[in-house]
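Heads up, data17.cif below (mmCIF, C-alpha atoms):
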```
data_protein
loop_
_atom_site.label_atom_id
_atom_site.label_comp_id
_atom_site.auth_asym_id
_atom_site.auth_seq_id
_atom_site.Cartn_x
_atom_site.Cartn_y
_atom_site.Cartn_z
CA MET A 1 12.66 -35.98 77.31
CA ALA A 2 11.29 -35.09 80.74
CA ASN A 3 7.80 -36.12 79.59
CA LEU A 4 8.86 -39.65 78.66
CA PRO A 5 8.00 -42.48 81.06
CA ASP A 6 10.93 -43.53 83.26
CA TRP A 7 12.98 -40.67 81.85
CA LYS A 8 15.33 -40.56 84.85
CA ARG A 9 16.49 -44.09 84.07
CA LEU A 10 16.86 -43.09 80.41
CA GLU A 11 19.07 -40.14 81.44
CA GLY A 12 21.28 -42.45 83.47
CA THR A 13 21.59 -44.93 80.60
CA MET A 14 22.47 -42.17 78.14
CA ARG A 15 25.19 -40.79 80.41
CA SER A 16 26.72 -44.18 81.11
CA VAL A 17 26.98 -44.87 77.37
CA TRP A 18 28.07 -41.40 76.30
CA GLN A 19 30.85 -41.03 78.85
CA GLY A 20 32.55 -44.05 77.34
CA GLN A 21 32.52 -42.64 73.83
CA HIS A 22 35.39 -40.72 72.24
CA SER A 23 35.66 -38.19 69.38
CA THR A 24 31.92 -37.56 69.72
CA THR A 25 30.08 -34.38 70.65
CA TYR A 26 26.46 -34.09 71.72
CA CYS A 27 24.41 -30.91 71.84
CA LEU A 28 21.32 -30.99 74.04
CA TYR A 29 19.07 -27.99 73.83
CA GLY A 30 15.63 -26.86 74.90
CA SER A 31 13.50 -23.77 75.41
CA LYS A 32 12.36 -24.63 78.95
CA ARG A 33 15.07 -22.85 80.92
CA HIS A 34 14.11 -24.11 84.35
CA MET A 35 13.93 -27.71 83.13
CA MET A 36 17.34 -27.45 81.45
CA MET A 37 18.85 -25.95 84.59
CA ASP A 38 17.45 -28.83 86.63
CA ILE A 39 18.80 -31.47 84.25
CA PHE A 40 22.34 -30.08 84.22
CA GLY A 41 22.50 -28.14 87.48
CA ASN A 42 20.84 -30.49 89.95
CA SER A 43 23.41 -32.73 91.67
CA LYS A 44 20.79 -35.48 92.00
CA ASN A 45 20.44 -35.87 88.22
CA PRO A 46 22.62 -38.08 85.97
CA PHE A 47 23.57 -35.18 83.66
CA TYR A 48 24.76 -32.96 86.51
CA ARG A 49 27.67 -30.92 85.11
CA PHE A 50 28.00 -33.40 82.26
CA GLY A 51 29.04 -30.65 79.87
CA GLN A 52 29.22 -26.93 79.37
CA MET A 53 25.97 -25.00 79.69
CA MET A 54 25.32 -22.07 77.36
CA THR A 55 22.39 -19.67 77.54
CA LEU A 56 21.69 -18.25 74.10
CA LYS A 57 20.62 -14.63 74.08
CA LYS A 58 17.94 -13.27 71.80
CA ILE A 59 19.01 -11.96 68.41
CA ALA A 60 19.47 -8.23 68.91
CA LYS A 61 17.10 -5.74 67.35
CA GLU A 62 19.94 -4.21 65.33
CA TYR A 63 20.24 -7.47 63.39
CA TRP A 64 16.52 -8.02 62.95
CA LYS A 65 15.86 -4.59 61.44
CA PRO A 66 17.86 -4.89 58.19
CA PHE A 67 16.80 -8.53 57.80
CA ILE A 68 13.10 -7.65 58.00
CA HIS A 69 13.47 -4.58 55.80
CA ASP A 70 15.28 -6.51 53.06
CA SER A 71 12.90 -9.48 53.27
CA PHE A 72 9.99 -7.18 52.43
CA TYR A 73 11.91 -5.01 49.94
CA ASN A 74 13.14 -7.98 47.91
CA TYR A 75 9.51 -8.85 47.11
CA GLY A 76 8.40 -5.32 46.29
CA LYS A 77 6.86 -4.62 49.67
CA SER A 78 7.79 -1.70 51.94
CA ILE A 79 7.83 -1.52 55.70
CA SER A 80 8.84 1.52 57.74
CA ASP A 81 11.56 1.52 60.38
CA GLU A 82 8.90 2.51 62.93
CA MET A 83 6.80 -0.53 62.04
CA ILE A 84 9.79 -2.85 62.32
CA GLU A 85 10.53 -1.34 65.74
CA ARG A 86 6.97 -2.06 66.85
CA ILE A 87 7.19 -5.66 65.65
CA CYS A 88 10.43 -6.17 67.59
CA ASN A 89 8.97 -4.61 70.73
CA ALA A 90 5.67 -6.49 70.53
CA VAL A 91 7.30 -9.94 70.57
CA GLN A 92 10.46 -8.82 72.42
CA CYS A 93 12.73 -10.13 69.63
CA HIS A 94 11.66 -13.71 70.35
CA SER A 95 12.96 -15.55 67.27
CA TRP A 96 10.02 -17.91 66.79
CA TYR A 97 7.42 -15.18 67.14
CA MET A 98 9.43 -12.67 65.11
CA GLN A 99 9.33 -15.02 62.13
CA GLN A 100 5.70 -15.95 62.65
CA PHE A 101 4.53 -12.36 63.09
CA CYS A 102 6.54 -11.07 60.13
CA PHE A 103 5.22 -13.89 57.94
CA LEU A 104 1.63 -13.04 58.86
CA ILE A 105 2.22 -9.37 58.04
CA TRP A 106 4.13 -10.21 54.85
CA THR A 107 1.34 -12.43 53.47
CA ARG A 108 -1.25 -9.71 54.15
CA THR A 109 0.81 -6.94 52.54
CA ALA A 110 0.47 -6.13 48.83
CA THR A 111 2.72 -3.07 48.67
CA GLU A 112 3.09 -1.37 52.06
CA VAL A 113 2.58 -2.38 55.67
CA THR A 114 -0.16 -0.21 57.14
CA GLU A 115 -1.47 0.28 60.66
CA GLU A 116 -4.54 -1.80 59.81
CA ILE A 117 -2.38 -4.67 58.58
CA TYR A 118 -0.18 -4.52 61.67
CA GLN A 119 -3.13 -4.56 64.09
CA SER A 120 -5.08 -7.27 62.27
CA GLN A 121 -2.06 -9.57 62.07
CA LEU A 122 -1.12 -8.95 65.68
CA THR A 123 -4.59 -10.15 66.61
CA LYS A 124 -4.14 -13.12 64.28
CA LEU A 125 -0.81 -13.92 65.94
CA LEU A 126 -2.52 -14.17 69.31
CA ASP A 127 -5.47 -16.13 67.93
CA THR A 128 -3.18 -18.54 66.06
CA ASN A 129 -1.39 -19.45 69.29
CA ALA A 130 -4.47 -19.30 71.51
CA ASP A 131 -5.18 -23.04 71.52
CA MET A 132 -1.65 -23.75 72.72
CA PHE A 133 -1.94 -21.13 75.45
CA ILE A 134 -5.32 -22.46 76.58
CA THR A 135 -3.84 -25.96 76.80
CA ASP A 136 -0.91 -24.59 78.84
CA ILE A 137 -3.19 -23.12 81.49
CA ASP A 138 -5.93 -25.75 81.34
CA GLY A 139 -6.76 -26.76 84.89
CA MET A 140 -4.59 -24.04 86.41
CA PRO A 141 -5.92 -23.00 89.86
CA ALA A 142 -7.59 -19.60 90.10
CA SER A 143 -4.90 -18.41 92.50
CA GLN A 144 -2.20 -19.05 89.87
CA ILE A 145 -4.21 -17.20 87.24
CA ALA A 146 -4.46 -14.36 89.73
CA PHE A 147 -0.70 -14.45 90.29
CA LEU A 148 -0.09 -14.21 86.53
CA ARG A 149 -2.44 -11.21 86.38
CA ALA A 150 -0.42 -9.52 89.11
CA VAL A 151 2.83 -10.19 87.23
CA CYS A 152 1.35 -8.86 83.98
CA MET A 153 0.28 -5.69 85.75
CA GLY A 154 3.81 -5.09 87.00
CA GLU A 155 3.29 -5.97 90.65
CA ASN A 156 6.39 -6.95 92.65
CA HIS A 157 5.19 -7.02 96.28
CA PHE A 158 2.92 -10.03 96.11
CA ASN A 159 2.45 -10.28 99.87
CA ALA A 160 1.42 -6.65 100.24
CA GLN A 161 -2.11 -6.45 101.67
CA GLN A 162 -3.40 -4.22 98.86
CA VAL A 163 -1.97 -6.46 96.12
CA VAL A 164 -3.31 -9.63 97.76
CA ALA A 165 -6.78 -8.10 98.05
CA GLU A 166 -6.83 -6.61 94.54
CA TYR A 167 -5.84 -9.81 92.74
CA GLY A 168 -7.07 -12.45 95.16
CA LEU A 169 -3.66 -14.06 95.63
CA GLY A 170 -4.59 -15.98 98.77
CA ALA A 171 -2.57 -16.76 101.88
CA PRO A 172 1.23 -16.22 102.05
CA ARG A 173 1.83 -19.96 101.79
CA THR A 174 -0.31 -20.12 98.64
CA ILE A 175 1.56 -17.18 97.11
CA THR A 176 4.94 -18.80 97.77
CA LYS A 177 3.78 -22.13 96.34
CA ASN A 178 2.27 -20.53 93.23
CA LYS A 179 5.37 -18.47 92.57
CA LYS A 180 7.56 -21.58 92.73
CA THR A 181 5.20 -23.59 90.52
CA LEU A 182 4.93 -20.89 87.85
CA VAL A 183 8.71 -20.52 87.72
CA GLU A 184 9.17 -24.29 87.42
CA ARG A 185 6.63 -24.40 84.60
CA ASP A 186 8.41 -21.53 82.81
CA PHE A 187 5.46 -19.16 82.91
CA ILE A 188 7.43 -16.52 84.81
CA GLU A 189 11.08 -15.81 85.56
CA LYS A 190 13.04 -13.61 87.92
CA SER A 191 13.74 -10.14 86.53
CA GLY A 192 15.59 -7.67 88.74
CA ASP A 193 13.60 -7.21 91.93
CA GLY A 194 10.47 -8.78 90.50
CA PHE A 195 9.18 -11.28 87.97
CA LYS A 196 8.17 -11.17 84.32
CA MET A 197 6.39 -13.45 81.89
CA VAL A 198 8.67 -15.78 79.94
CA ASP A 199 6.64 -15.99 76.72
CA PRO A 200 5.99 -12.52 75.20
CA VAL A 201 3.04 -13.55 73.02
CA PHE A 202 1.46 -15.56 75.81
CA GLU A 203 1.74 -12.37 77.87
CA LEU A 204 -0.07 -10.34 75.19
CA TRP A 205 -2.76 -13.00 74.91
CA PHE A 206 -3.12 -13.32 78.67
CA LYS A 207 -3.43 -9.55 79.08
CA ARG A 208 -6.16 -9.50 76.44
CA GLU A 209 -8.08 -12.42 77.90
CA TYR A 210 -7.63 -11.84 81.64
CA CYS A 211 -6.66 -8.17 82.08
CA ASN A 212 -8.77 -6.51 79.34
CA ILE A 213 -5.64 -4.95 77.84
CA LEU A 214 -5.52 -4.97 74.05
CA PRO A 215 -2.11 -5.49 72.37
CA GLN A 216 -0.46 -2.56 70.62
#
```

Is it possible to give me this structure as structure tokens?
Amino acid sequence: MANLPDWKRLEGTMRSVWQGQHSTTYCLYGSKRHMMMDIFGNSKNPFYRFGQMMTLKKIAKEYWKPFIHDSFYNYGKSISDEMIERICNAVQCHSWYMQQFCFLIWTRTATEVTEEIYQSQLTKLLDTNADMFITDIDGMPASQIAFLRAVCMGENHFNAQQVVAEYGLGAPRTITKNKKTLVERDFIEKSGDGFKMVDPVFELWFKREYCNILPQ
């Protein structure tokens, strides 16, 4: 909705109509957390506190494991608990990527999931989504690419002289601006005392392309 022309006016129109309706429930959802927070948490926006906000957690690994095991077993294919664990860890239990990755492995497997199958399909997972990732960062300034590299490498002190020099993060003002921009665009999010990448497969792809770190 935020990409539609004159979307602020559209939001206002929707609210004015909806608030006059009765016995009707609307569910608005989206994967861009920062955008959703702005729509419903910014007092300047028409949908400010219009309804209850719910943040859905990822499906826990304990639920994924039997589902994956049975999905393979029911078609005469076997997959070890260790391999399922690696799949869950690789995509951090992200529902969309869990299904995509498992499907790629499932189609490649005749009887048993092997290390070769796992590695080849992990590479295919990254390559399949590569065009989308390239589009996402198309035109991104070098300093923001550098900031993402620092995040991927586990850096937290972005203004530290050594970190700035190693990654080429630029002046303090540039660092602050890039951090804000990358959060707003849902590339990174706050995690404890630092930041982490939002999209787990984008992170694997980015590490491969910009950090020379192959996925495992």

(request) May I ask which of the residues A:Trp18, A:Phe47, A:Phe195, A:Trp64 is the closest one to Asp81 in chain A, counting only C-alpha atoms? (result)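 Ranking A:Trp18, A:Phe47, A:Phe195, A:Trp64 by distance to Asp81 in chain A, first place goes to A:Trp64.
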
Just want the 12 Å neighbourhood of Asp193 in chain A, counted on all atoms listed in the file, with same-chain residues fewer than 6 positions away dropped. Output as a short mmCIF file (atom, residue, chain, number, x, y, z; two decimals) with C-alpha atoms, in the frame of the given file.
```
data_model
loop_
_atom_site.label_atom_id
_atom_site.label_comp_id
_atom_site.auth_asym_id
_atom_site.auth_seq_id
_atom_site.Cartn_x
_atom_site.Cartn_y
_atom_site.Cartn_z
CA GLY A 154 3.81 -5.09 87.00
CA GLU A 155 3.29 -5.97 90.65
CA ASN A 156 6.39 -6.95 92.65
CA HIS A 157 5.19 -7.02 96.28
CA PHE A 158 2.92 -10.03 96.11
#
```

When the PyMOL selection byres ((chain A and resi 69) around 12) is applied to the file above, which residues end up in the set, as a CSV table (one decimal) with C-alpha atoms, in the frame of the given file?
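File produced: part_35.csv:
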```
chain,number,residue,atom,x,y,z
A,62,GLU,CA,19.9,-4.2,65.3
A,63,TYR,CA,20.2,-7.5,63.4
A,64,TRP,CA,16.5,-8.0,63.0
A,65,LYS,CA,15.9,-4.6,61.4
A,66,PRO,CA,17.9,-4.9,58.2
A,67,PHE,CA,16.8,-8.5,57.8
A,68,ILE,CA,13.1,-7.6,58.0
A,70,ASP,CA,15.3,-6.5,53.1
A,71,SER,CA,12.9,-9.5,53.3
A,72,PHE,CA,10.0,-7.2,52.4
A,73,TYR,CA,11.9,-5.0,49.9
A,74,ASN,CA,13.1,-8.0,47.9
A,75,TYR,CA,9.5,-8.8,47.1
A,76,GLY,CA,8.4,-5.3,46.3
A,77,LYS,CA,6.9,-4.6,49.7
A,78,SER,CA,7.8,-1.7,51.9
A,79,ILE,CA,7.8,-1.5,55.7
A,80,SER,CA,8.8,1.5,57.7
A,81,ASP,CA,11.6,1.5,60.4
A,82,GLU,CA,8.9,2.5,62.9
A,83,MET,CA,6.8,-0.5,62.0
A,84,ILE,CA,9.8,-2.8,62.3
A,85,GLU,CA,10.5,-1.3,65.7
A,87,ILE,CA,7.2,-5.7,65.6
A,102,CYS,CA,6.5,-11.1,60.1
A,106,TRP,CA,4.1,-10.2,54.8
A,112,GLU,CA,3.1,-1.4,52.1
A,113,VAL,CA,2.6,-2.4,55.7
```

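In this comparison, which uses all atoms listed in the file, the residue of A:Asn129, A:Asn42, A:Ser143, A:Gln100 approaching Thr181 in chain A most closely is A:Ser143.
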
(message) So, with only C-alpha atoms as the atoms that count, which of A:Gly12, A:Gly139, A:Gly170, A:Gly194 lies closest to Val151 in chain A?
(response)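 Smallest distance to Val151 in chain A is found for A:Gly194.
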
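For the pair CA of Asn178 in chain A and CA of Phe202 in chain A, the interatomic distance is 18.1 Å.
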
(request) Give me the result of the PyMOL selection byres ((chain A and resi 52) around 12) on this file, residue by residue, as a VMD selection string. (result) chain A and resid 25 to 29 37 40 to 41 47 to 51 53 to 55

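For the pair CA of Ile59 in chain A and CA of Trp96 in chain A, the separation is 10.9 Å.
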
(request) Determine the residue set returned by the PyMOL selection byres ((chain A and resi 90) around 10) for the present structure, and present it as a list in words. (result) Ile84, Glu85, Arg86, Ile87, Cys88, Asn89, Val91, Gln92, Cys93, His94, Tyr97, Met98, Phe101, Leu122, Pro200, Val201, Leu204, Pro215 and Gln216 of chain A

Could you write out that same residue set with C-alpha atoms as an mmCIF file, in the coordinates of the input?
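Heads up, here's the output in out_30.cif:
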```cif
data_model
loop_
_atom_site.group_PDB
_atom_site.id
_atom_site.type_symbol
_atom_site.label_atom_id
_atom_site.label_comp_id
_atom_site.auth_asym_id
_atom_site.auth_seq_id
_atom_site.Cartn_x
_atom_site.Cartn_y
_atom_site.Cartn_z
ATOM 1 C CA ILE A 84 9.790 -2.850 62.320
ATOM 2 C CA GLU A 85 10.530 -1.340 65.740
ATOM 3 C CA ARG A 86 6.970 -2.060 66.850
ATOM 4 C CA ILE A 87 7.190 -5.660 65.650
ATOM 5 C CA CYS A 88 10.430 -6.170 67.590
ATOM 6 C CA ASN A 89 8.970 -4.610 70.730
ATOM 7 C CA VAL A 91 7.300 -9.940 70.570
ATOM 8 C CA GLN A 92 10.460 -8.820 72.420
ATOM 9 C CA CYS A 93 12.730 -10.130 69.630
ATOM 10 C CA HIS A 94 11.660 -13.710 70.350
ATOM 11 C CA TYR A 97 7.420 -15.180 67.140
ATOM 12 C CA MET A 98 9.430 -12.670 65.110
ATOM 13 C CA PHE A 101 4.530 -12.360 63.090
ATOM 14 C CA LEU A 122 -1.120 -8.950 65.680
ATOM 15 C CA PRO A 200 5.990 -12.520 75.200
ATOM 16 C CA VAL A 201 3.040 -13.550 73.020
ATOM 17 C CA LEU A 204 -0.070 -10.340 75.190
ATOM 18 C CA PRO A 215 -2.110 -5.490 72.370
ATOM 19 C CA GLN A 216 -0.460 -2.560 70.620
#
```

With all heavy atoms as the target, complete range 197-208 of chain A and hand it back as a PDB file, keeping the file's coordinate frame.
```pdb
ATOM      1  N   MET A 197       6.854 -12.301  82.654  1.00  0.00           N
ATOM      2  CA  MET A 197       6.390 -13.450  81.890  1.00  0.00           C
ATOM      3  C   MET A 197       7.508 -13.923  80.970  1.00  0.00           C
ATOM      4  O   MET A 197       8.252 -13.112  80.412  1.00  0.00           O
ATOM      5  CB  MET A 197       5.159 -13.077  81.076  1.00  0.00           C
ATOM      6  CG  MET A 197       4.002 -12.499  81.899  1.00  0.00           C
ATOM      7  SD  MET A 197       3.166 -13.729  82.903  1.00  0.00           S
ATOM      8  CE  MET A 197       1.958 -14.340  81.739  1.00  0.00           C
ATOM      9  N   VAL A 198       7.625 -15.222  80.787  1.00  0.00           N
ATOM     10  CA  VAL A 198       8.670 -15.780  79.940  1.00  0.00           C
ATOM     11  C   VAL A 198       8.321 -15.644  78.467  1.00  0.00           C
ATOM     12  O   VAL A 198       9.138 -15.239  77.653  1.00  0.00           O
ATOM     13  CB  VAL A 198       8.915 -17.261  80.294  1.00  0.00           C
ATOM     14  CG1 VAL A 198       9.854 -17.915  79.279  1.00  0.00           C
ATOM     15  CG2 VAL A 198       9.507 -17.387  81.705  1.00  0.00           C
ATOM     16  N   ASP A 199       7.080 -15.973  78.112  1.00  0.00           N
ATOM     17  CA  ASP A 199       6.640 -15.990  76.720  1.00  0.00           C
ATOM     18  C   ASP A 199       5.963 -14.662  76.371  1.00  0.00           C
ATOM     19  O   ASP A 199       4.893 -14.348  76.905  1.00  0.00           O
ATOM     20  CB  ASP A 199       5.646 -17.147  76.514  1.00  0.00           C
ATOM     21  CG  ASP A 199       5.267 -17.365  75.064  1.00  0.00           C
ATOM     22  OD1 ASP A 199       5.057 -16.367  74.340  1.00  0.00           O
ATOM     23  OD2 ASP A 199       5.165 -18.530  74.650  1.00  0.00           O
ATOM     24  N   PRO A 200       6.545 -13.852  75.479  1.00  0.00           N
ATOM     25  CA  PRO A 200       5.990 -12.520  75.200  1.00  0.00           C
ATOM     26  C   PRO A 200       4.621 -12.529  74.534  1.00  0.00           C
ATOM     27  O   PRO A 200       3.791 -11.647  74.790  1.00  0.00           O
ATOM     28  CB  PRO A 200       7.044 -11.887  74.274  1.00  0.00           C
ATOM     29  CG  PRO A 200       7.734 -13.052  73.638  1.00  0.00           C
ATOM     30  CD  PRO A 200       7.771 -14.111  74.699  1.00  0.00           C
ATOM     31  N   VAL A 201       4.348 -13.510  73.681  1.00  0.00           N
ATOM     32  CA  VAL A 201       3.040 -13.550  73.020  1.00  0.00           C
ATOM     33  C   VAL A 201       1.991 -14.133  73.950  1.00  0.00           C
ATOM     34  O   VAL A 201       0.835 -13.701  73.933  1.00  0.00           O
ATOM     35  CB  VAL A 201       3.131 -14.341  71.692  1.00  0.00           C
ATOM     36  CG1 VAL A 201       1.748 -14.516  71.058  1.00  0.00           C
ATOM     37  CG2 VAL A 201       4.050 -13.616  70.720  1.00  0.00           C
ATOM     38  N   PHE A 202       2.383 -15.090  74.779  1.00  0.00           N
ATOM     39  CA  PHE A 202       1.460 -15.560  75.810  1.00  0.00           C
ATOM     40  C   PHE A 202       1.076 -14.390  76.716  1.00  0.00           C
ATOM     41  O   PHE A 202      -0.087 -14.266  77.122  1.00  0.00           O
ATOM     42  CB  PHE A 202       2.095 -16.674  76.650  1.00  0.00           C
ATOM     43  CG  PHE A 202       1.259 -17.085  77.841  1.00  0.00           C
ATOM     44  CD1 PHE A 202       0.154 -17.903  77.683  1.00  0.00           C
ATOM     45  CD2 PHE A 202       1.570 -16.621  79.116  1.00  0.00           C
ATOM     46  CE1 PHE A 202      -0.625 -18.270  78.776  1.00  0.00           C
ATOM     47  CE2 PHE A 202       0.805 -16.979  80.216  1.00  0.00           C
ATOM     48  CZ  PHE A 202      -0.295 -17.807  80.050  1.00  0.00           C
ATOM     49  N   GLU A 203       2.032 -13.533  77.032  1.00  0.00           N
ATOM     50  CA  GLU A 203       1.740 -12.370  77.870  1.00  0.00           C
ATOM     51  C   GLU A 203       0.720 -11.457  77.207  1.00  0.00           C
ATOM     52  O   GLU A 203      -0.228 -10.995  77.856  1.00  0.00           O
ATOM     53  CB  GLU A 203       3.032 -11.590  78.145  1.00  0.00           C
ATOM     54  CG  GLU A 203       2.818 -10.347  79.000  1.00  0.00           C
ATOM     55  CD  GLU A 203       4.101  -9.605  79.297  1.00  0.00           C
ATOM     56  OE1 GLU A 203       5.172 -10.034  78.825  1.00  0.00           O
ATOM     57  OE2 GLU A 203       4.041  -8.582  80.007  1.00  0.00           O
ATOM     58  N   LEU A 204       0.892 -11.182  75.908  1.00  0.00           N
ATOM     59  CA  LEU A 204      -0.070 -10.340  75.190  1.00  0.00           C
ATOM     60  C   LEU A 204      -1.450 -10.976  75.179  1.00  0.00           C
ATOM     61  O   LEU A 204      -2.475 -10.310  75.387  1.00  0.00           O
ATOM     62  CB  LEU A 204       0.403 -10.105  73.752  1.00  0.00           C
ATOM     63  CG  LEU A 204       1.671  -9.275  73.568  1.00  0.00           C
ATOM     64  CD1 LEU A 204       2.057  -9.233  72.087  1.00  0.00           C
ATOM     65  CD2 LEU A 204       1.463  -7.858  74.097  1.00  0.00           C
ATOM     66  N   TRP A 205      -1.484 -12.285  74.924  1.00  0.00           N
ATOM     67  CA  TRP A 205      -2.760 -13.000  74.910  1.00  0.00           C
ATOM     68  C   TRP A 205      -3.402 -13.007  76.290  1.00  0.00           C
ATOM     69  O   TRP A 205      -4.611 -12.771  76.423  1.00  0.00           O
ATOM     70  CB  TRP A 205      -2.528 -14.445  74.437  1.00  0.00           C
ATOM     71  CG  TRP A 205      -3.750 -15.311  74.504  1.00  0.00           C
ATOM     72  CD1 TRP A 205      -4.748 -15.391  73.588  1.00  0.00           C
ATOM     73  CD2 TRP A 205      -4.101 -16.204  75.573  1.00  0.00           C
ATOM     74  NE1 TRP A 205      -5.704 -16.291  74.012  1.00  0.00           N
ATOM     75  CE2 TRP A 205      -5.332 -16.805  75.223  1.00  0.00           C
ATOM     76  CE3 TRP A 205      -3.499 -16.561  76.768  1.00  0.00           C
ATOM     77  CZ2 TRP A 205      -5.969 -17.735  76.039  1.00  0.00           C
ATOM     78  CZ3 TRP A 205      -4.123 -17.483  77.579  1.00  0.00           C
ATOM     79  CH2 TRP A 205      -5.340 -18.059  77.214  1.00  0.00           C
ATOM     80  N   PHE A 206      -2.607 -13.266  77.308  1.00  0.00           N
ATOM     81  CA  PHE A 206      -3.120 -13.320  78.670  1.00  0.00           C
ATOM     82  C   PHE A 206      -3.669 -11.953  79.098  1.00  0.00           C
ATOM     83  O   PHE A 206      -4.734 -11.868  79.722  1.00  0.00           O
ATOM     84  CB  PHE A 206      -2.016 -13.762  79.638  1.00  0.00           C
ATOM     85  CG  PHE A 206      -2.500 -14.024  81.041  1.00  0.00           C
ATOM     86  CD1 PHE A 206      -2.962 -15.278  81.402  1.00  0.00           C
ATOM     87  CD2 PHE A 206      -2.503 -13.016  81.997  1.00  0.00           C
ATOM     88  CE1 PHE A 206      -3.423 -15.529  82.688  1.00  0.00           C
ATOM     89  CE2 PHE A 206      -2.951 -13.252  83.277  1.00  0.00           C
ATOM     90  CZ  PHE A 206      -3.415 -14.509  83.637  1.00  0.00           C
ATOM     91  N   LYS A 207      -2.960 -10.896  78.749  1.00  0.00           N
ATOM     92  CA  LYS A 207      -3.430  -9.550  79.080  1.00  0.00           C
ATOM     93  C   LYS A 207      -4.769  -9.257  78.408  1.00  0.00           C
ATOM     94  O   LYS A 207      -5.650  -8.631  78.999  1.00  0.00           O
ATOM     95  CB  LYS A 207      -2.402  -8.503  78.666  1.00  0.00           C
ATOM     96  CG  LYS A 207      -1.192  -8.413  79.583  1.00  0.00           C
ATOM     97  CD  LYS A 207      -0.233  -7.333  79.100  1.00  0.00           C
ATOM     98  CE  LYS A 207       0.920  -7.154  80.071  1.00  0.00           C
ATOM     99  NZ  LYS A 207       1.884  -6.117  79.608  1.00  0.00           N
ATOM    100  N   ARG A 208      -4.908  -9.709  77.162  1.00  0.00           N
ATOM    101  CA  ARG A 208      -6.160  -9.500  76.440  1.00  0.00           C
ATOM    102  C   ARG A 208      -7.307 -10.282  77.057  1.00  0.00           C
ATOM    103  O   ARG A 208      -8.422  -9.757  77.221  1.00  0.00           O
ATOM    104  CB  ARG A 208      -5.995  -9.903  74.968  1.00  0.00           C
ATOM    105  CG  ARG A 208      -7.213  -9.597  74.103  1.00  0.00           C
ATOM    106  CD  ARG A 208      -7.055 -10.125  72.692  1.00  0.00           C
ATOM    107  NE  ARG A 208      -7.100 -11.588  72.626  1.00  0.00           N
ATOM    108  CZ  ARG A 208      -7.043 -12.281  71.490  1.00  0.00           C
ATOM    109  NH1 ARG A 208      -6.900 -11.652  70.339  1.00  0.00           N
ATOM    110  NH2 ARG A 208      -7.105 -13.607  71.504  1.00  0.00           N
TER     111      ARG A 208
END
```
